[in-house]
$ cat final20.txt   # compact mmCIF, C-alpha atoms and all ligand atoms
# COMPACT_ATOMS: atom_id res chain seq x y z
CA MET O 1 0.00 0.00 0.00
CA THR O 2 1.34 3.43 -0.94
CA GLN O 3 2.54 5.33 2.08
CA ASP O 4 0.51 8.46 1.29
CA LEU O 5 -2.77 6.59 1.17
CA ILE O 6 -4.81 6.26 4.34
CA SER O 7 -5.66 2.61 4.91
CA VAL O 8 -9.24 1.93 5.98
CA VAL O 9 -10.61 -1.45 6.97
CA LEU O 10 -14.35 -1.99 6.94
CA ASP O 11 -15.33 -4.63 9.44
CA VAL O 12 -19.01 -4.35 8.56
CA ARG O 13 -21.34 -7.26 7.89
CA ASP O 14 -24.47 -5.39 6.82
CA THR O 15 -24.33 -5.15 3.00
CA PRO O 16 -26.18 -1.81 2.43
CA THR O 17 -24.16 -0.15 5.21
CA ARG O 18 -20.94 -1.43 3.74
CA ALA O 19 -21.88 -0.28 0.26
CA ALA O 20 -22.71 3.22 1.53
CA LEU O 21 -19.41 3.46 3.40
CA GLU O 22 -17.48 2.31 0.34
CA ARG O 23 -19.26 4.81 -1.86
CA VAL O 24 -18.25 7.71 0.35
CA LEU O 25 -14.70 6.46 0.85
CA LYS O 26 -14.23 6.18 -2.90
CA SER O 27 -15.47 9.73 -3.34
CA VAL O 28 -12.92 11.23 -0.95
CA PRO O 29 -9.36 11.18 -2.33
CA GLY O 30 -6.57 9.61 -0.28
CA PHE O 31 -8.25 6.52 1.11
CA ALA O 32 -7.43 2.92 0.27
CA ILE O 33 -9.99 0.36 1.36
CA GLY O 34 -8.40 -2.80 2.70
CA ASN O 35 -9.92 -6.19 2.96
CA PRO O 36 -11.16 -7.14 6.46
CA ASP O 37 -9.15 -10.34 6.01
CA ASP O 38 -5.97 -8.25 5.71
CA SER O 39 -4.20 -8.81 8.94
CA GLY O 40 -2.05 -5.70 8.85
CA PRO O 41 -2.50 -2.47 10.76
CA ALA O 42 -4.93 0.18 9.53
CA ASP O 43 -5.12 3.94 9.90
CA LEU O 44 -8.88 3.78 10.29
CA LEU O 45 -11.14 0.91 11.23
CA VAL O 46 -14.87 1.18 10.70
CA MET O 47 -16.43 -1.54 12.77
CA GLU O 48 -19.99 -2.71 13.08
CA ILE O 49 -20.94 -3.65 16.60
CA GLY O 50 -23.87 -5.16 18.37
CA TYR O 51 -23.46 -8.83 17.55
CA GLU O 52 -21.30 -9.68 20.60
CA PRO O 53 -20.75 -6.22 22.16
CA GLU O 54 -18.61 -7.31 25.11
CA LYS O 55 -16.14 -9.19 22.94
CA GLU O 56 -16.15 -6.42 20.32
CA PHE O 57 -15.41 -3.63 22.81
CA HIS O 58 -12.66 -5.66 24.43
CA ALA O 59 -11.04 -6.25 21.02
CA LEU O 60 -11.44 -2.59 20.13
CA GLN O 61 -9.70 -1.35 23.27
CA SER O 62 -6.82 -3.75 22.70
CA LEU O 63 -6.39 -2.71 19.07
CA LEU O 64 -6.26 0.94 20.01
CA SER O 65 -3.93 0.48 22.95
CA LEU O 66 -1.52 -1.58 20.87
CA GLY O 67 -1.57 0.96 18.06
CA THR O 68 -2.72 -1.65 15.52
CA VAL O 69 -5.36 0.77 14.33
CA GLY O 70 -5.06 4.54 14.35
CA GLU O 71 -8.70 5.49 14.88
CA VAL O 72 -11.98 3.63 15.07
CA PHE O 73 -15.45 4.64 13.87
CA LEU O 74 -18.32 2.46 15.03
CA THR O 75 -21.63 1.73 13.47
CA SER O 76 -24.57 -0.29 14.69
CA SER O 77 -28.09 -1.02 13.60
CA LYS O 78 -29.29 -0.64 17.19
CA PRO O 79 -27.63 2.43 18.69
CA ASP O 80 -28.96 2.19 22.24
CA LYS O 81 -27.56 4.43 24.97
CA ASP O 82 -25.45 1.71 26.57
CA ILE O 83 -23.70 0.91 23.32
CA LEU O 84 -22.99 4.59 22.66
CA VAL O 85 -21.51 5.09 26.13
CA GLN O 86 -19.39 1.96 25.83
CA ALA O 87 -18.25 3.02 22.37
CA LEU O 88 -16.95 6.32 23.71
CA ARG O 89 -15.27 4.64 26.66
CA ALA O 90 -13.59 2.14 24.36
CA GLY O 91 -12.02 5.01 22.43
CA ALA O 92 -14.18 5.22 19.28
CA ARG O 93 -13.96 8.66 17.62
CA GLU O 94 -17.25 8.61 15.75
CA PHE O 95 -20.50 6.72 15.90
CA LEU O 96 -22.29 6.33 12.55
CA SER O 97 -25.95 5.51 12.80
CA GLN O 98 -27.62 3.27 10.25
CA PRO O 99 -28.70 3.77 7.55
CA ILE O 100 -25.48 5.66 6.86
CA GLN O 101 -25.91 9.39 6.30
CA GLU O 102 -23.38 9.85 3.53
CA LYS O 103 -22.90 13.60 4.15
CA GLU O 104 -22.26 12.98 7.86
CA PHE O 105 -19.72 10.22 7.12
CA ARG O 106 -17.93 12.46 4.59
CA GLN O 107 -17.62 15.19 7.24
CA SER O 108 -16.27 12.67 9.75
CA LEU O 109 -13.65 11.60 7.23
CA GLU O 110 -12.64 15.19 6.58
CA LYS O 111 -12.19 15.78 10.31
CA PHE O 112 -10.17 12.57 10.52
CA ILE O 113 -7.87 13.75 7.71
CA GLU O 114 -7.43 17.07 9.50
CA ARG O 115 -6.50 15.37 12.78
CA ARG O 116 -3.94 13.30 10.92
CA ARG O 117 -2.48 16.32 9.18
CA LEU O 118 -2.24 18.25 12.42
CA SER O 119 -0.67 15.52 14.47
CA LEU O 120 2.97 16.46 14.89
CA LYS O 121 4.19 12.96 14.33
CA GLU O 122 2.19 10.39 12.49
CA LYS O 123 1.53 7.43 14.68
CA LYS O 124 3.53 4.48 13.53
CA THR O 125 1.24 1.48 13.55
CA SER O 126 3.18 -1.19 11.72
CA LYS O 127 5.39 -3.52 13.66
CA SER O 128 7.73 -6.32 12.90
CA GLY O 129 7.76 -8.19 16.16
CA ARG O 130 10.25 -10.77 17.24
CA ILE O 131 9.20 -14.38 17.67
CA ILE O 132 11.04 -16.22 20.42
CA SER O 133 10.29 -19.91 20.67
CA LEU O 134 11.33 -22.05 23.63
CA VAL O 135 11.66 -25.76 22.97
CA GLY O 136 12.20 -28.32 25.74
CA SER O 137 14.79 -30.99 25.05
CA LYS O 138 12.97 -33.17 27.59
CA GLY O 139 9.92 -32.92 29.82
CA GLY O 140 10.22 -30.99 33.06
CA VAL O 141 13.42 -29.09 32.27
CA GLY O 142 11.81 -25.71 32.99
CA THR O 143 10.67 -24.57 29.53
CA THR O 144 7.32 -23.19 30.69
CA THR O 145 8.87 -21.47 33.71
CA ILE O 146 11.36 -19.69 31.47
CA ALA O 147 8.77 -18.78 28.80
CA VAL O 148 6.29 -17.26 31.26
CA ASN O 149 8.87 -15.35 33.28
CA LEU O 150 10.81 -14.20 30.25
CA ALA O 151 7.67 -12.73 28.69
CA GLY O 152 6.80 -11.11 32.03
CA SER O 153 10.32 -9.70 32.39
CA ILE O 154 10.34 -8.19 28.90
CA ILE O 155 7.22 -6.18 29.64
CA ARG O 156 8.44 -5.23 33.12
CA ASN O 157 11.74 -3.94 31.75
CA ASP O 158 10.10 -2.01 28.93
CA HIS O 159 6.49 -1.01 29.46
CA LEU O 160 6.30 0.36 25.95
CA LYS O 161 6.74 -3.08 24.42
CA SER O 162 3.71 -5.18 23.63
CA VAL O 163 4.27 -8.83 24.44
CA ALA O 164 2.26 -11.95 23.66
CA LEU O 165 2.79 -15.31 25.27
CA MET O 166 1.59 -18.35 23.38
CA ASP O 167 1.20 -21.91 24.59
CA MET O 168 1.78 -24.67 22.05
CA ASN O 169 1.42 -27.55 24.52
CA LEU O 170 -1.72 -29.19 23.20
CA LEU O 171 -3.84 -30.60 26.07
CA PHE O 172 -1.17 -29.96 28.70
CA GLY O 173 -0.66 -26.24 28.49
CA GLU O 174 0.20 -24.84 31.90
CA ILE O 175 0.56 -21.13 31.22
CA PRO O 176 -2.91 -20.27 32.63
CA LEU O 177 -1.97 -22.07 35.84
CA LEU O 178 1.31 -20.23 36.17
CA LEU O 179 -0.40 -16.89 35.68
CA ASP O 180 -3.56 -17.78 37.59
CA ILE O 181 -5.84 -16.86 34.72
CA THR O 182 -8.84 -18.56 33.14
CA PRO O 183 -8.76 -17.66 29.47
CA SER O 184 -12.10 -18.03 27.72
CA TYR O 185 -10.53 -18.86 24.37
CA HIS O 186 -7.52 -20.66 22.94
CA TRP O 187 -5.81 -21.01 19.56
CA GLY O 188 -8.20 -23.85 18.65
CA GLU O 189 -10.73 -21.04 18.06
CA ILE O 190 -8.40 -19.49 15.54
CA ALA O 191 -7.77 -22.80 13.78
CA ARG O 192 -11.53 -23.30 13.55
CA ASN O 193 -12.20 -19.78 12.27
CA ILE O 194 -9.10 -19.15 10.23
CA THR O 195 -11.02 -17.37 7.47
CA ARG O 196 -12.06 -14.75 10.05
CA LEU O 197 -8.54 -14.15 11.31
CA ASP O 198 -7.74 -10.49 11.50
CA ALA O 199 -6.35 -8.28 14.25
CA THR O 200 -9.83 -7.71 15.76
CA PHE O 201 -10.54 -11.41 15.99
CA LEU O 202 -7.07 -12.17 17.34
CA MET O 203 -7.42 -9.60 20.12
CA SER O 204 -10.81 -11.00 21.08
CA VAL O 205 -9.28 -14.45 21.57
CA LEU O 206 -6.28 -13.28 23.62
CA HIS O 207 -6.50 -12.94 27.39
CA GLN O 208 -4.85 -9.90 28.94
CA HIS O 209 -2.97 -10.62 32.16
CA SER O 210 -2.70 -7.89 34.81
CA SER O 211 0.99 -7.42 33.91
CA GLY O 212 -0.03 -6.33 30.42
CA LEU O 213 0.95 -9.64 28.77
CA TYR O 214 -1.44 -11.01 26.17
CA VAL O 215 -1.87 -14.76 26.52
CA LEU O 216 -2.92 -17.18 23.81
CA SER O 217 -3.53 -20.48 25.51
CA SER O 218 -3.75 -23.94 24.02
CA PRO O 219 -6.81 -26.18 23.79
CA SER O 220 -7.13 -28.37 26.86
CA GLN O 221 -9.27 -30.96 25.13
CA LEU O 222 -9.43 -32.37 21.66
CA ALA O 223 -13.19 -32.73 21.35
CA GLY O 224 -14.55 -30.29 18.79
CA GLN O 225 -11.20 -28.60 18.23
CA HIS O 226 -9.78 -28.05 14.82
CA ALA O 227 -6.18 -29.06 14.85
CA ALA O 228 -3.86 -26.30 13.76
CA THR O 229 -2.09 -26.85 10.45
CA PRO O 230 1.23 -25.34 9.40
CA ASP O 231 -0.77 -22.91 7.22
CA VAL O 232 -2.91 -21.78 10.14
CA MET O 233 0.19 -21.29 12.26
CA GLU O 234 1.87 -19.27 9.54
CA GLN O 235 -1.11 -16.93 9.23
CA LEU O 236 -1.42 -16.62 12.98
CA LEU O 237 2.25 -15.85 13.61
CA THR O 238 2.44 -13.46 10.67
CA LEU O 239 -0.40 -11.51 12.24
CA MET O 240 0.99 -11.75 15.78
CA ARG O 241 4.33 -10.30 14.75
CA ARG O 242 2.53 -7.35 13.15
CA VAL O 243 0.56 -6.67 16.31
CA PHE O 244 3.20 -7.36 19.00
CA ASP O 245 6.81 -6.36 19.59
CA PHE O 246 7.57 -9.76 21.10
CA VAL O 247 5.83 -13.10 20.73
CA VAL O 248 7.16 -15.60 23.27
CA ILE O 249 6.14 -19.19 22.55
CA ASP O 250 6.23 -22.11 24.94
CA ALA O 251 6.66 -24.72 22.21
CA GLY O 252 7.01 -27.67 24.58
CA GLN O 253 8.59 -30.75 23.10
CA THR O 254 6.70 -31.77 20.00
CA ALA O 255 8.38 -31.90 16.61
CA ASP O 256 5.29 -32.20 14.42
CA ASP O 257 4.60 -30.16 11.27
CA VAL O 258 3.00 -27.33 13.22
CA SER O 259 5.88 -26.99 15.70
CA LEU O 260 8.32 -27.05 12.82
CA LYS O 261 6.45 -24.19 11.19
CA VAL O 262 6.79 -22.26 14.45
CA LEU O 263 10.53 -22.95 14.42
CA GLU O 264 10.82 -21.88 10.82
CA MET O 265 9.18 -18.55 11.59
CA ALA O 266 10.95 -17.90 14.88
CA ASP O 267 13.65 -15.26 15.02
CA THR O 268 15.22 -16.97 18.00
CA VAL O 269 14.83 -20.55 19.19
CA PHE O 270 15.91 -21.35 22.71
CA LEU O 271 16.57 -25.03 23.24
CA VAL O 272 16.14 -25.67 26.94
CA SER O 273 18.21 -28.42 28.51
CA VAL O 274 19.65 -29.48 31.82
CA LEU O 275 23.18 -30.75 32.35
CA SER O 276 22.42 -34.45 31.96
CA LEU O 277 23.67 -36.75 29.23
CA PRO O 278 20.20 -37.88 28.03
CA CYS O 279 19.06 -34.28 27.78
CA LEU O 280 22.17 -33.16 25.94
CA ALA O 281 21.74 -36.12 23.58
CA ASN O 282 18.24 -34.81 22.81
CA VAL O 283 19.62 -31.33 22.20
CA ASN O 284 22.06 -32.84 19.72
CA ARG O 285 19.21 -34.67 17.97
CA LEU O 286 17.14 -31.52 17.75
CA LEU O 287 20.06 -29.48 16.43
CA ARG O 288 20.64 -32.14 13.77
CA LEU O 289 16.93 -32.22 12.89
CA PHE O 290 16.85 -28.43 12.45
CA PHE O 291 19.97 -28.60 10.35
CA ASP O 292 18.61 -31.43 8.15
CA LEU O 293 15.37 -29.54 7.60
CA GLY O 294 17.27 -26.43 6.71
CA TYR O 295 15.83 -24.29 9.50
CA PRO O 296 16.05 -22.36 11.62
CA HIS O 297 19.36 -20.68 10.92
CA GLU O 298 22.12 -22.07 13.15
CA ASP O 299 22.86 -18.66 14.68
CA ASN O 300 19.24 -18.28 15.69
CA VAL O 301 19.24 -21.44 17.78
CA LYS O 302 20.62 -20.97 21.26
CA VAL O 303 20.99 -23.44 24.07
CA ILE O 304 19.84 -22.52 27.57
CA VAL O 305 20.94 -24.67 30.48
CA SER O 306 18.15 -24.64 33.02
CA ARG O 307 18.28 -25.65 36.69
CA TYR O 308 22.00 -25.01 36.61
CA VAL O 309 24.20 -25.87 39.61
CA LYS O 310 27.95 -25.64 39.62
CA ASN O 311 30.19 -28.69 40.08
CA THR O 312 27.95 -31.33 38.59
CA ASP O 313 29.19 -34.49 36.86
CA VAL O 314 28.61 -32.86 33.50
CA SER O 315 30.09 -29.36 33.34
CA LEU O 316 29.17 -26.52 31.02
CA LYS O 317 32.46 -27.13 29.18
CA ASP O 318 31.55 -30.83 28.72
CA ALA O 319 28.15 -29.81 27.39
CA GLU O 320 29.67 -27.35 24.94
CA ARG O 321 32.12 -29.97 23.74
CA SER O 322 29.41 -32.57 23.20
CA LEU O 323 27.15 -30.10 21.38
CA ASN O 324 29.96 -28.37 19.56
CA LYS O 325 28.12 -25.20 20.45
CA LYS O 326 28.34 -22.52 23.10
CA ILE O 327 25.83 -22.53 25.91
CA PHE O 328 24.06 -19.22 25.50
CA TRP O 329 22.58 -18.81 28.95
CA THR O 330 22.30 -20.55 32.29
CA ILE O 331 19.29 -20.36 34.60
CA PRO O 332 20.24 -21.22 38.18
CA ASN O 333 18.53 -23.99 40.08
CA ASP O 334 15.94 -22.82 42.60
CA TYR O 335 13.24 -25.37 43.09
CA LYS O 336 11.61 -23.56 46.00
CA ALA O 337 11.18 -20.28 44.13
CA THR O 338 9.91 -21.88 40.91
CA MET O 339 7.51 -24.15 42.79
CA SER O 340 6.01 -21.33 44.83
CA SER O 341 5.66 -19.26 41.68
CA MET O 342 3.74 -22.13 40.05
CA ASN O 343 1.61 -22.88 43.07
CA GLN O 344 0.68 -19.24 43.64
CA GLY O 345 0.12 -18.48 39.96
CA LYS O 346 2.43 -15.48 40.16
CA VAL O 347 5.60 -14.65 38.26
CA LEU O 348 9.00 -15.13 39.90
CA SER O 349 9.65 -11.39 40.25
CA VAL O 350 6.62 -11.21 42.55
CA VAL O 351 7.15 -14.44 44.50
CA ALA O 352 10.94 -14.51 44.69
CA PRO O 353 12.30 -11.10 43.64
CA ARG O 354 15.73 -11.79 45.08
CA SER O 355 16.25 -15.32 43.78
CA PRO O 356 19.13 -15.80 41.33
CA VAL O 357 16.69 -17.55 38.99
CA THR O 358 14.60 -14.37 38.82
CA ALA O 359 17.67 -12.22 38.19
CA SER O 360 18.91 -14.55 35.47
CA ILE O 361 15.63 -14.54 33.52
CA ASP O 362 15.40 -10.78 34.00
CA ASP O 363 18.91 -10.37 32.58
CA LEU O 364 17.93 -12.52 29.61
CA ALA O 365 14.95 -10.23 28.96
CA VAL O 366 17.17 -7.16 29.23
CA THR O 367 19.56 -8.72 26.73
CA LEU O 368 16.75 -9.48 24.29
CA LEU O 369 15.61 -5.89 24.59
CA GLY O 370 19.12 -4.88 23.54
CA LYS O 371 19.64 -2.94 26.74
CA LYS O 372 22.73 -2.94 28.87
CA SER O 373 22.77 -4.71 32.19
CA ARG O 374 21.32 -2.55 34.93
CA ASP O 375 23.65 -3.84 37.61
CA ASP O 376 27.10 -3.69 36.05
CA GLY O 377 26.68 -1.63 32.93
CA ALA O 378 28.29 -4.40 30.89
CA GLY O 379 27.35 -4.61 27.24
CA TRP O 380 25.86 -7.54 25.41
CA GLY O 381 29.05 -9.41 24.61
CA LEU O 382 30.49 -9.17 28.09
CA LYS O 383 27.25 -10.30 29.68
CA LEU O 384 26.98 -13.34 27.45
CA PHE O 385 30.53 -14.29 28.18
CA ARG O 386 29.94 -14.05 31.91
CA ARG O 387 26.68 -15.91 31.84
CA SER O 388 27.88 -18.89 29.95
CA HIS O 389 31.12 -19.56 31.78
N1 LIG S 401 15.36 -23.02 37.46
C1 LIG S 401 14.74 -24.01 38.12
N2 LIG S 401 15.26 -24.52 39.25
C2 LIG S 401 14.65 -25.52 39.92
N3 LIG S 401 13.50 -26.07 39.54
C3 LIG S 401 12.92 -25.60 38.42
C4 LIG S 401 13.49 -24.56 37.65
N4 LIG S 401 12.67 -24.30 36.60
C5 LIG S 401 11.63 -25.14 36.72
N5 LIG S 401 11.77 -25.93 37.81
C6 LIG S 401 10.84 -26.94 38.29
O1 LIG S 401 10.77 -27.98 37.33
C7 LIG S 401 9.45 -28.46 37.19
C8 LIG S 401 9.02 -28.34 35.75
O2 LIG S 401 9.01 -26.98 35.38
P1 LIG S 401 8.29 -26.49 34.05
O3 LIG S 401 6.88 -26.90 34.06
O4 LIG S 401 8.64 -25.07 33.86
O5 LIG S 401 9.09 -27.37 32.98
P2 LIG S 401 8.63 -27.83 31.53
O6 LIG S 401 9.89 -28.17 30.83
O7 LIG S 401 7.76 -26.83 30.92
O8 LIG S 401 7.80 -29.15 31.87
P3 LIG S 401 6.73 -29.94 30.97
O9 LIG S 401 7.54 -30.90 30.17
O10 LIG S 401 5.85 -30.61 31.97
O11 LIG S 401 6.02 -28.94 30.13
C9 LIG S 401 8.59 -27.63 38.15
O12 LIG S 401 8.41 -28.37 39.32
C10 LIG S 401 9.43 -26.40 38.41
O13 LIG S 401 9.20 -25.89 39.70
MG MG S 402 5.85 -27.00 30.10
$ encode --input "final20.txt" --output "structure tokens" --more "lines below"
Ligand SMILES: Nc1ncnc2c1ncn2[C@@H]1O[C@H](COP(=O)(O)OP(=O)(O)OP(=O)(O)O)[C@@H](O)[C@H]1O
Ligand SMILES: [Mg+2]
Amino acid sequence: MTQDLISVVLDVRDTPTRAALERVLKSVPGFAIGNPDDSGPADLLVMEIGYEPEKEFHALQSLLSLGTVGEVFLTSSKPDKDILVQALRAGAREFLSQPIQEKEFRQSLEKFIERRRLSLKEKKTSKSGRIISLVGSKGGVGTTTIAVNLAGSIIRNDHLKSVALMDMNLLFGEIPLLLDITPSYHWGEIARNITRLDATFLMSVLHQHSSGLYVLSSPSQLAGQHAATPDVMEQLLTLMRRVFDFVVIDAGQTADDVSLKVLEMADTVFLVSVLSLPCLANVNRLLRLFFDLGYPHEDNVKVIVSRYVKNTDVSLKDAERSLNKKIFWTIPNDYKATMSSMNQGKVLSVVAPRSPVTASIDDLAVTLLGKKSRDDGAGWGLKLFRRSH
């Protein structure tokens, strides 16, 4: 889309309303009407509400707060007082009653153009978020603990970043437990409704945690769920990286087609291991598998040693020799802290702010954010060197 054109998405089901809106938009120069199936950001969203108001307003607020859409105009066939009040609270700029008064809509568009022109700096709505996938080399090594706390630490260290946390563990996803949330939806909904997938639908499926994290949980039962396919995953992640700065994925241990698609799309893959020979053997197998399949790029795959204690039978040096690869990060062992975090459904920084495991995951988040360490001022390279030796 040309940069000078103002992108408008019409999320409107009613055919005459849609036709009237299109007619006006085509008569005012400078607008490009996008397809509601386009997953990208839009300067203006015209949305019809009233079908499932609660869900729609929730999605609307999220879209505005994340900057995925610049402004929102609402329309409804039943403009009762409650809907109007909620629309204003949710941040809608205009409410268009039906049938559409074309003159009124044209004036609203002119005011919108003026607001845009006057704004000192045009709001940048397009993102190219970073996908970080954590893969366990064995069950119970701490993959979920790291994923949840890493996502939480990224947002705590930079409130301006939008962060999503996604659970790929079909049936056994534990993220809701660790965050003490009860999401109403999961990615099975997206797989089932893939033709509807756009930013509005995505935001209505995500659950916002009090920390600001957006959680996409996994189906906890198979009955009635549509299994995700690599295609579905590709569409979903493409959209998620446009909406969020960071997408942290607890990929668990599966190596099926869908997980491989996640790996292919990830900017960084963390392979989580502990210092045991069986686990390291699995890491080797996974590294070989990735290499044979041609993805992800070797440099993008990093090994994290979890539950690390010094002076074990297998040292970090032994591990590096057997993998022929540097250990990128170590997460110290602290069973008590991680268990109380799980049992209380609170992140480590709340339950055990002074534990070395909390500090280590926090440092990892700071590194991913490209910031320098807060405690010693050391840059990236120095920190990595210290952490892995
Ligand atoms: N750094 C750590 N130090 C000590 N114990 C830990 C650490 N991280 C996680 N644990 C403990 O290990 C167990 C498994 O943790 P977690 O669920 O995060 O691992 P996982 O690899 O995701 O497991 P699963 O294969 O079941 O998904 C939990 O009891 C947790 O408290
Ligand atoms: Mg897990």
$ closest_residue --input "final20.txt" --among "O:Ser7, O:Gln107, O:Thr182, O:Thr254" --to "Val215 (chain O)" --atoms "all atoms listed in the file"
O:Thr182
$ residues_near_ligand --input "final20.txt" --ligand "ligand LIG 401 (chain S)" --cutoff "8 Å" --atoms "only C-alpha atoms and all ligand atoms" --output "ChimeraX atom specification"
/O:136,138-146,169,172-174,250,252-253,272,306-308,331-342,357
$ residues_around --input "final20.txt" --residues "Pro278 (chain O)" --least-positions-apart "4" --cutoff "12 Å" --atoms "all atoms listed in the file" --output "list in words"
Ser137, Lys138, Gly139, Val141, Ser273, Val274, Asn282, Val283, Asn284, Arg285, Val314, Ala319 and Ser322 of chain O
$ closest_residue --input "final20.txt" --among "O:Leu369, O:Val205, O:Leu239, O:Ala147" --to "Phe270 (chain O)" --atoms "all atoms listed in the file"
O:Ala147
$ closest_residue --input "final20.txt" --among "O:Ser218, O:Gln208, O:Gln61, O:Gln344" --to "ligand MG 402 (chain S)" --atoms "all atoms listed in the file"
O:Ser218
$ closest_residue --input "final20.txt" --among "O:Glu189, O:Glu48, O:Asp292, O:Glu114" --to "Ser76 (chain O)" --atoms "only C-alpha atoms"
O:Glu48
$ atom_distance --input "final20.txt" --atom1 "CA of Thr75 (chain O)" --atom2 "CA of Arg89 (chain O)"
14.9 Å
$ closest_residue --input "final20.txt" --among "O:Leu134, O:Ala92, O:Asp180, O:Thr200" --to "ligand MG 402 (chain S)" --atoms "all atoms listed in the file"
O:Leu134
$ closest_residue --input "final20.txt" --among "O:Asp167, O:Asp363, O:Glu102, O:Asp43" --to "ligand MG 402 (chain S)" --atoms "all atoms listed in the file"
O:Asp167
$ atom_distance --input "final20.txt" --atom1 "CA of Ala365 (chain O)" --atom2 "CA of Leu64 (chain O)"
25.6 Å
$ atom_distance --input "final20.txt" --atom1 "CA of Lys161 (chain O)" --atom2 "CA of Ala199 (chain O)"
17.4 Å
$ residues_around --input "final20.txt" --residues "Asp313 (chain O)" --least-positions-apart "4" --cutoff "10 Å" --atoms "only C-alpha atoms" --output "count of residues only"
4
$ residues_around --input "final20.txt" --residues "Thr229 (chain O)" --least-positions-apart "6" --cutoff "9 Å" --atoms "only C-alpha atoms" --output "ChimeraX atom specification"
/O:191,257-258,261
$ residues_around --input "final20.txt" --residues "Glu52 (chain O)" --least-positions-apart "6" --cutoff "12 Å" --atoms "only C-alpha atoms" --output "PDB file with C-alpha atoms, in the frame of the given file"
ATOM      1  CA  HIS O  58     -12.660  -5.660  24.430  1.00  0.00           C
ATOM      2  CA  ALA O  59     -11.040  -6.250  21.020  1.00  0.00           C
ATOM      3  CA  SER O  76     -24.570  -0.290  14.690  1.00  0.00           C
ATOM      4  CA  ILE O  83     -23.700   0.910  23.320  1.00  0.00           C
ATOM      5  CA  PHE O 201     -10.540 -11.410  15.990  1.00  0.00           C
ATOM      6  CA  SER O 204     -10.810 -11.000  21.080  1.00  0.00           C
TER       7      SER O 204
END
$ residues_around --input "final20.txt" --residues "Val24 (chain O)" --least-positions-apart "4" --cutoff "8 Å" --atoms "only C-alpha atoms" --output "VMD selection string"
chain O and resid 20 28 102 105 to 106
